[in-house]
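Structure record follows, encoded as structure tokens.
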Amino acid sequence: MAYVILGLLLIAPQSFYDLIKAFESGVALFYSASSGSIKRALDGLLARGFIEVASVEGGRGRKLYRVTDTGREEFRTWMKAEPTGPDLETAALARLYFLGLLDHSERVRVLHRITARIETELATLTDLDERLDTVSIPEEHRDIATHQRAALDYGIASGRFMLAWFRAHTDTLSR
């Protein structure tokens, strides 16, 4: 969440309200967040010195936030790091969404890291699929196992699509 906010603020300084609207109009395609979680992340970024109040406007004291040099470097480090965490799709899409904030020369390397992580996760799922082919399922569990296997099949198909898509996008950027 914090890195998504940094990315949004790197595009343009924004208020808390602007950030909520930015989540609703774009980031929500891959990451949902409540106003409370956005506020907590904003406060954390302020406390860590990654953002600062650029100005206070109007009678209600509307604060406009911007990224500091430290925050800019933290964001770049995150973008260029191996995608981690249990939700690969969200990690990959967050980096893809903000890829244009990096220099052109860095973009392909980021996509290669994402692709490598997809390959690793896909290999884990296909290994599991192959192992399950050798397992004997008791009759009373076959109906349950059928649907569990369908979920695994979906995960493999989704991973293959994601891998093909990111490889194609990497090829396009490499030209």
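By order in the structure tokens, chains are A, B, ...; within a chain, residues start at 1; ligands start at 1, following the order shown.
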
Might you pull out every residue within 12 Å of Tyr154 (chain A), with only C-alpha atoms counted and same-chain residues fewer than 6 positions away left off, and present them as a count of residues only?
8

For Ala94 (chain A), the closest of A:Glu73, A:Leu152, A:Val27, A:His112 counting only C-alpha atoms is A:Val27

Within 8 Å of Ser55 (chain A) using only C-alpha atoms, minus same-chain residues under 5 positions, as a short mmCIF file (atom, residue, chain, number, x, y, z; two decimals) with N, CA, C and O atoms, in the first residue's frame:
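What landed in around14.cif:
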data_model
loop_
_atom_site.label_atom_id
_atom_site.label_comp_id
_atom_site.auth_asym_id
_atom_site.auth_seq_id
_atom_site.Cartn_x
_atom_site.Cartn_y
_atom_site.Cartn_z
N LYS A 63 -4.23 19.39 3.21
CA LYS A 63 -2.79 19.17 3.05
C LYS A 63 -2.51 18.51 1.71
O LYS A 63 -3.15 17.54 1.33
N LEU A 64 -1.51 19.05 1.03
CA LEU A 64 -1.04 18.48 -0.22
C LEU A 64 0.29 17.80 0.09
O LEU A 64 1.21 18.43 0.63
N TYR A 65 0.39 16.50 -0.24
CA TYR A 65 1.57 15.71 0.07
C TYR A 65 2.43 15.54 -1.18
O TYR A 65 1.93 15.44 -2.29
#

Just list as a list in words whatever in region 32-146 of chain A DSSP marks as strand (DSSP E).
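The strand (DSSP E) residues within region 32-146 of chain A come out as Ile51, Glu52, Val53, Ala54, Ser55, Val56, Glu57, Arg62, Lys63, Leu64, Tyr65, Arg66 and Val67 of chain A.
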
Keeping N, CA, C and O atoms for every residue in the selection just given, could you write it to a file as an mmCIF file, in the first residue's frame?
data_model
loop_
_atom_site.group_PDB
_atom_site.id
_atom_site.type_symbol
_atom_site.label_atom_id
_atom_site.label_comp_id
_atom_site.auth_asym_id
_atom_site.auth_seq_id
_atom_site.Cartn_x
_atom_site.Cartn_y
_atom_site.Cartn_z
ATOM 1 N N ILE A 51 7.491 11.032 2.595
ATOM 2 C CA ILE A 51 6.678 12.105 2.031
ATOM 3 C C ILE A 51 6.685 13.271 3.010
ATOM 4 O O ILE A 51 7.080 13.118 4.171
ATOM 5 N N GLU A 52 6.224 14.421 2.520
ATOM 6 C CA GLU A 52 6.117 15.606 3.368
ATOM 7 C C GLU A 52 4.891 16.401 2.937
ATOM 8 O O GLU A 52 4.359 16.190 1.846
ATOM 9 N N VAL A 53 4.472 17.292 3.802
ATOM 10 C CA VAL A 53 3.367 18.178 3.463
ATOM 11 C C VAL A 53 3.960 19.295 2.607
ATOM 12 O O VAL A 53 4.832 20.039 3.059
ATOM 13 N N ALA A 54 3.489 19.385 1.351
ATOM 14 C CA ALA A 54 3.998 20.403 0.435
ATOM 15 C C ALA A 54 3.339 21.746 0.706
ATOM 16 O O ALA A 54 3.983 22.795 0.598
ATOM 17 N N SER A 55 2.040 21.710 1.053
ATOM 18 C CA SER A 55 1.321 22.947 1.345
ATOM 19 C C SER A 55 0.039 22.616 2.085
ATOM 20 O O SER A 55 -0.430 21.476 2.077
ATOM 21 N N VAL A 56 -0.495 23.622 2.753
ATOM 22 C CA VAL A 56 -1.789 23.516 3.422
ATOM 23 C C VAL A 56 -2.666 24.583 2.790
ATOM 24 O O VAL A 56 -2.307 25.761 2.777
ATOM 25 N N GLU A 57 -3.800 24.138 2.252
ATOM 26 C CA GLU A 57 -4.649 25.045 1.475
ATOM 27 C C GLU A 57 -6.013 25.213 2.111
ATOM 28 O O GLU A 57 -6.546 24.289 2.717
ATOM 29 N N ARG A 62 -6.541 21.779 3.988
ATOM 30 C CA ARG A 62 -6.302 20.651 3.067
ATOM 31 C C ARG A 62 -4.804 20.527 2.808
ATOM 32 O O ARG A 62 -4.173 21.438 2.264
ATOM 33 N N LYS A 63 -4.226 19.390 3.206
ATOM 34 C CA LYS A 63 -2.790 19.165 3.050
ATOM 35 C C LYS A 63 -2.505 18.512 1.707
ATOM 36 O O LYS A 63 -3.148 17.542 1.331
ATOM 37 N N LEU A 64 -1.508 19.049 1.034
ATOM 38 C CA LEU A 64 -1.035 18.480 -0.218
ATOM 39 C C LEU A 64 0.292 17.796 0.090
ATOM 40 O O LEU A 64 1.206 18.425 0.632
ATOM 41 N N TYR A 65 0.390 16.501 -0.242
ATOM 42 C CA TYR A 65 1.574 15.709 0.069
ATOM 43 C C TYR A 65 2.430 15.539 -1.176
ATOM 44 O O TYR A 65 1.927 15.441 -2.290
ATOM 45 N N ARG A 66 3.764 15.468 -0.958
ATOM 46 C CA ARG A 66 4.693 15.177 -2.049
ATOM 47 C C ARG A 66 5.781 14.231 -1.537
ATOM 48 O O ARG A 66 6.028 14.134 -0.325
ATOM 49 N N VAL A 67 6.434 13.574 -2.461
ATOM 50 C CA VAL A 67 7.477 12.604 -2.135
ATOM 51 C C VAL A 67 8.793 13.331 -1.888
ATOM 52 O O VAL A 67 9.151 14.254 -2.625
#

Write out as a ChimeraX atom specification which residues come within 12 Å of Leu101 (chain A) when counting only C-alpha atoms, dropping same-chain ones fewer than 2 positions away.
/A:6-12,72-73,75-76,79-80,94-99,103-107,110
